[in-house]
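> Attaching a single structure in structure tokens format; questions to follow.
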Amino acid sequence: MEQFEKLYLYKRIVQAKLFIDHHYAEKIDLDNISDQACFSKFHFIRLFKTLYGRTPHNYLLKIRIERSKLLLSQGHCVFDVSQMSGFDSPTSFAAAFKKTTGQAPSVFKERERVRQQDIGSNPFFAIPNCFAETHGWTKSQFLRDDV
Amino acid sequence: MITKLTHLCIYVLNQESAYDFYVNKLGFIVHTDAPMGEGVRWLTVSPPEQPELEISLFLVIEGDIFDKETVKTMTALVRKGTFGAAVFTCHDLMATYEELKTKGVVFKKAPTKEFYGYEALFVDDSGNWFSLSQLNP
């Protein structure tokens, strides 16, 4: 019986985590999530941290930062990325991004642009030669004359 | 002295569905995705908390590395589940097991107590199997 109760508990926490995964771009009230999962806020945070190694708030922040990194690397502007990732404002986004990654969103975006440009013009920047050779990918197939 | 493992190669049968499996189901981060012509990509992903490790989703396709006969053999072997590719770890196996099952990941072994902690085995979209473990503290 105890095992079933534990499993039921797990399912509720997992559902809460999946809710964050799907709704990170919206205004998520973590109090609401704990209510929906039928836990007290304290109990919810403690269980979530046990299962995922970080608090729900930290997890939500991590998901938003990861999403924003992807969007920045796709070329979206900082303002749009802050909105699409669920941050309150570009300012709070920039502060959280810098605190987490150690660089400003604009700097990250530019570095990603250069990295992708380098890979686009010469994929051998990113591919270990052993793998390229086994695939039969030769530099002359991909490199432009000016590279 | 050798210091780190940086690249790991997993043979996949379809890079599009491998992308979906590793990124959307397992939650891995795309490290590099570069088109290499003729329907082949240099596609590498990383576990969320290990961004320095690139797992190359290596397409089994006829070319310099595999001839037609080898592709046929490799495809059959991968699909059959011959290759156990790696061991992943997580904070809590039961929670991760429940989540991945919700996302449609197929497990060939449910979480089981082992000497070193707990272990489950799951299969990717091609047929490669992996250990998913929670180690004893």
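Every chain in the structure tokens has a letter given in the order shown (A, B, ...), and although residue numbers restart at 1 in each chain, ligands are simply numbered from 1 in the order shown.
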Pull out every residue of chain B that has at least one atom within 9 Å of chain A, counting only C-alpha atoms, and report them as a list of chain:residue names.

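Those within range of chain A come out as B:His7, B:Ile29, B:Val30, B:Thr32, B:Ala34, B:Pro35, B:Met36, B:Trp42, B:Gly63, B:Asp64, B:Ile65, B:Phe66, B:Cys90, B:His91, B:Asp92, B:Leu93, B:Met94, B:Ala95, B:Thr96, B:Glu98, B:Glu99.
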
> With N, CA and C atoms kept, could you save the residues just selected as a compact mmCIF listing (two decimals), in the first residue's frame?


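Full text of result00.txt as output:
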```
# COMPACT_ATOMS: atom_id res chain seq x y z
N HIS B 7 33.49 13.03 -27.27
CA HIS B 7 32.54 12.61 -28.29
C HIS B 7 32.22 11.13 -28.14
N ILE B 29 20.23 18.59 -25.20
CA ILE B 29 20.43 19.89 -25.87
C ILE B 29 21.19 19.64 -27.17
N VAL B 30 20.74 20.30 -28.24
CA VAL B 30 21.46 20.17 -29.51
C VAL B 30 22.77 20.94 -29.40
N THR B 32 25.52 20.58 -32.03
CA THR B 32 25.81 20.99 -33.41
C THR B 32 24.88 20.25 -34.36
N ALA B 34 24.78 20.31 -38.39
CA ALA B 34 25.30 20.84 -39.64
C ALA B 34 24.97 19.91 -40.80
N PRO B 35 24.32 20.45 -41.86
CA PRO B 35 24.03 19.62 -43.02
C PRO B 35 25.31 19.22 -43.73
N MET B 36 25.41 17.93 -44.08
CA MET B 36 26.63 17.45 -44.74
C MET B 36 26.32 16.88 -46.12
N TRP B 42 25.67 16.31 -39.55
CA TRP B 42 26.53 16.08 -38.38
C TRP B 42 25.73 16.61 -37.21
N GLY B 63 27.85 4.52 -47.88
CA GLY B 63 28.85 5.53 -48.24
C GLY B 63 30.23 4.97 -48.00
N ASP B 64 31.16 5.88 -47.65
CA ASP B 64 32.54 5.42 -47.46
C ASP B 64 32.68 4.48 -46.27
N ILE B 65 31.87 4.75 -45.24
CA ILE B 65 32.03 3.95 -44.01
C ILE B 65 31.33 2.60 -44.10
N PHE B 66 30.13 2.58 -44.68
CA PHE B 66 29.38 1.33 -44.79
C PHE B 66 29.05 1.04 -46.25
N CYS B 90 20.44 9.87 -13.31
CA CYS B 90 19.46 10.91 -13.01
C CYS B 90 19.36 11.05 -11.49
N HIS B 91 18.72 12.13 -11.06
CA HIS B 91 18.57 12.35 -9.61
C HIS B 91 17.64 11.31 -8.99
N ASP B 92 16.54 11.05 -9.69
CA ASP B 92 15.55 10.12 -9.13
C ASP B 92 15.01 9.25 -10.26
N LEU B 93 15.33 7.99 -10.20
CA LEU B 93 14.99 7.09 -11.30
C LEU B 93 13.48 6.92 -11.46
N MET B 94 12.76 6.80 -10.35
CA MET B 94 11.32 6.55 -10.45
C MET B 94 10.61 7.71 -11.15
N ALA B 95 11.01 8.93 -10.79
CA ALA B 95 10.39 10.12 -11.40
C ALA B 95 10.75 10.19 -12.89
N THR B 96 12.01 9.94 -13.21
CA THR B 96 12.44 10.01 -14.61
C THR B 96 11.76 8.91 -15.42
N GLU B 98 8.81 7.56 -14.81
CA GLU B 98 7.41 7.95 -15.01
C GLU B 98 7.30 9.01 -16.11
N GLU B 99 8.21 9.97 -16.07
CA GLU B 99 8.15 11.06 -17.07
C GLU B 99 8.41 10.52 -18.48
```

> Could you tell me, as number ranges by chain, which residues of chain A DSSP assigns to alpha helix (DSSP H) when given the backbone?

A: 2-23, 30-36, 41-52, 56-73, 78-84, 90-101, 105-121, 129-135, 139-142

> Do a neighbour search on range 93-105 of chain A at 8 Å with only C-alpha atoms, toss out local chain neighbours closer than 3 positions, and write the hits as number ranges by chain.

A: 65, 72, 78, 82, 87-90, 108-109

> May I have the residues within 12 Å of Ile55 in chain B as a VMD selection string, using only C-alpha atoms and disregarding those fewer than 5 positions away in the same chain?

(chain A and resid 127) or (chain B and resid 5 to 12 18 to 19 22 to 23 28 to 33 42 to 48 50 85 to 86)

> Smallest atom-to-atom distance to Arg64 in chain A: which of A:His76, A:Asp35, A:Lys27, A:Ser140, using only C-alpha atoms?

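Nearest to Arg64 in chain A: A:Lys27.
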
> So that I can see what lies close to range 103-112 of chain B, please list as a PyMOL selection string the residues with an atom at most 10 Å from it, counting only C-alpha atoms and leaving out residues fewer than 4 positions away in the same chain.

(chain A and resi 18) or (chain B and resi 21+24-26+93-94+97-99+117-125+127+129-134)

> May I have the selected residues written with N, CA and C atoms, as a CSV table (one decimal), in the first residue's frame?


```csv
chain,number,residue,atom,x,y,z
A,18,LEU,N,6.1,18.3,-15.8
A,18,LEU,CA,5.8,18.4,-17.2
A,18,LEU,C,4.9,19.7,-17.4
B,21,PHE,N,13.6,12.1,-30.6
B,21,PHE,CA,13.7,11.2,-29.4
B,21,PHE,C,14.7,11.9,-28.4
B,24,ASN,N,13.4,16.0,-27.8
B,24,ASN,CA,12.0,16.3,-27.3
B,24,ASN,C,11.6,15.3,-26.2
B,25,LYS,N,12.1,14.1,-26.3
B,25,LYS,CA,11.7,13.1,-25.2
B,25,LYS,C,12.7,13.0,-24.1
B,26,LEU,N,14.0,12.9,-24.4
B,26,LEU,CA,15.0,12.8,-23.4
B,26,LEU,C,15.4,14.1,-22.8
B,93,LEU,N,15.3,8.0,-10.2
B,93,LEU,CA,15.0,7.1,-11.3
B,93,LEU,C,13.5,6.9,-11.5
B,94,MET,N,12.8,6.8,-10.4
B,94,MET,CA,11.3,6.6,-10.4
B,94,MET,C,10.6,7.7,-11.2
B,97,TYR,N,11.6,7.7,-14.8
B,97,TYR,CA,11.0,6.6,-15.5
B,97,TYR,C,9.5,7.0,-15.8
B,98,GLU,N,8.8,7.6,-14.8
B,98,GLU,CA,7.4,8.0,-15.0
B,98,GLU,C,7.3,9.0,-16.1
B,99,GLU,N,8.2,10.0,-16.1
B,99,GLU,CA,8.2,11.1,-17.1
B,99,GLU,C,8.4,10.5,-18.5
B,117,GLY,N,22.7,0.9,-6.7
B,117,GLY,CA,21.6,1.8,-6.7
B,117,GLY,C,20.3,1.2,-7.4
B,118,TYR,N,19.7,2.0,-8.3
B,118,TYR,CA,18.6,1.5,-9.1
B,118,TYR,C,18.9,1.6,-10.6
B,119,GLU,N,18.4,0.7,-11.4
B,119,GLU,CA,18.6,0.7,-12.8
B,119,GLU,C,17.3,0.4,-13.6
B,120,ALA,N,17.1,1.1,-14.7
B,120,ALA,CA,16.1,0.7,-15.7
B,120,ALA,C,16.8,0.7,-17.0
B,121,LEU,N,16.2,0.1,-18.0
B,121,LEU,CA,16.7,0.0,-19.4
B,121,LEU,C,15.7,0.6,-20.3
B,122,PHE,N,16.1,1.5,-21.1
B,122,PHE,CA,15.1,2.0,-22.2
B,122,PHE,C,15.8,1.9,-23.6
B,123,VAL,N,14.9,2.0,-24.5
B,123,VAL,CA,15.3,1.8,-25.9
B,123,VAL,C,15.1,3.1,-26.7
B,124,ASP,N,16.0,3.5,-27.6
B,124,ASP,CA,15.8,4.7,-28.4
B,124,ASP,C,14.9,4.3,-29.6
B,125,ASP,N,14.7,5.3,-30.5
B,125,ASP,CA,13.8,5.1,-31.6
B,125,ASP,C,14.4,4.2,-32.7
B,127,GLY,N,16.6,1.5,-31.7
B,127,GLY,CA,16.7,0.1,-31.2
B,127,GLY,C,17.8,0.0,-30.2
B,129,TRP,N,19.8,0.4,-26.8
B,129,TRP,CA,19.3,0.4,-25.4
B,129,TRP,C,20.3,1.1,-24.5
B,130,PHE,N,19.8,1.7,-23.5
B,130,PHE,CA,20.6,2.4,-22.5
B,130,PHE,C,20.2,2.0,-21.1
B,131,SER,N,21.2,2.1,-20.2
B,131,SER,CA,20.9,2.0,-18.8
B,131,SER,C,20.6,3.4,-18.3
B,132,LEU,N,19.6,3.5,-17.5
B,132,LEU,CA,19.2,4.7,-16.8
B,132,LEU,C,19.4,4.4,-15.3
B,133,SER,N,20.3,5.0,-14.6
B,133,SER,CA,20.6,4.6,-13.3
B,133,SER,C,20.5,5.8,-12.3
B,134,GLN,N,20.2,5.4,-11.1
B,134,GLN,CA,20.3,6.3,-9.9
B,134,GLN,C,21.3,5.6,-9.0
```
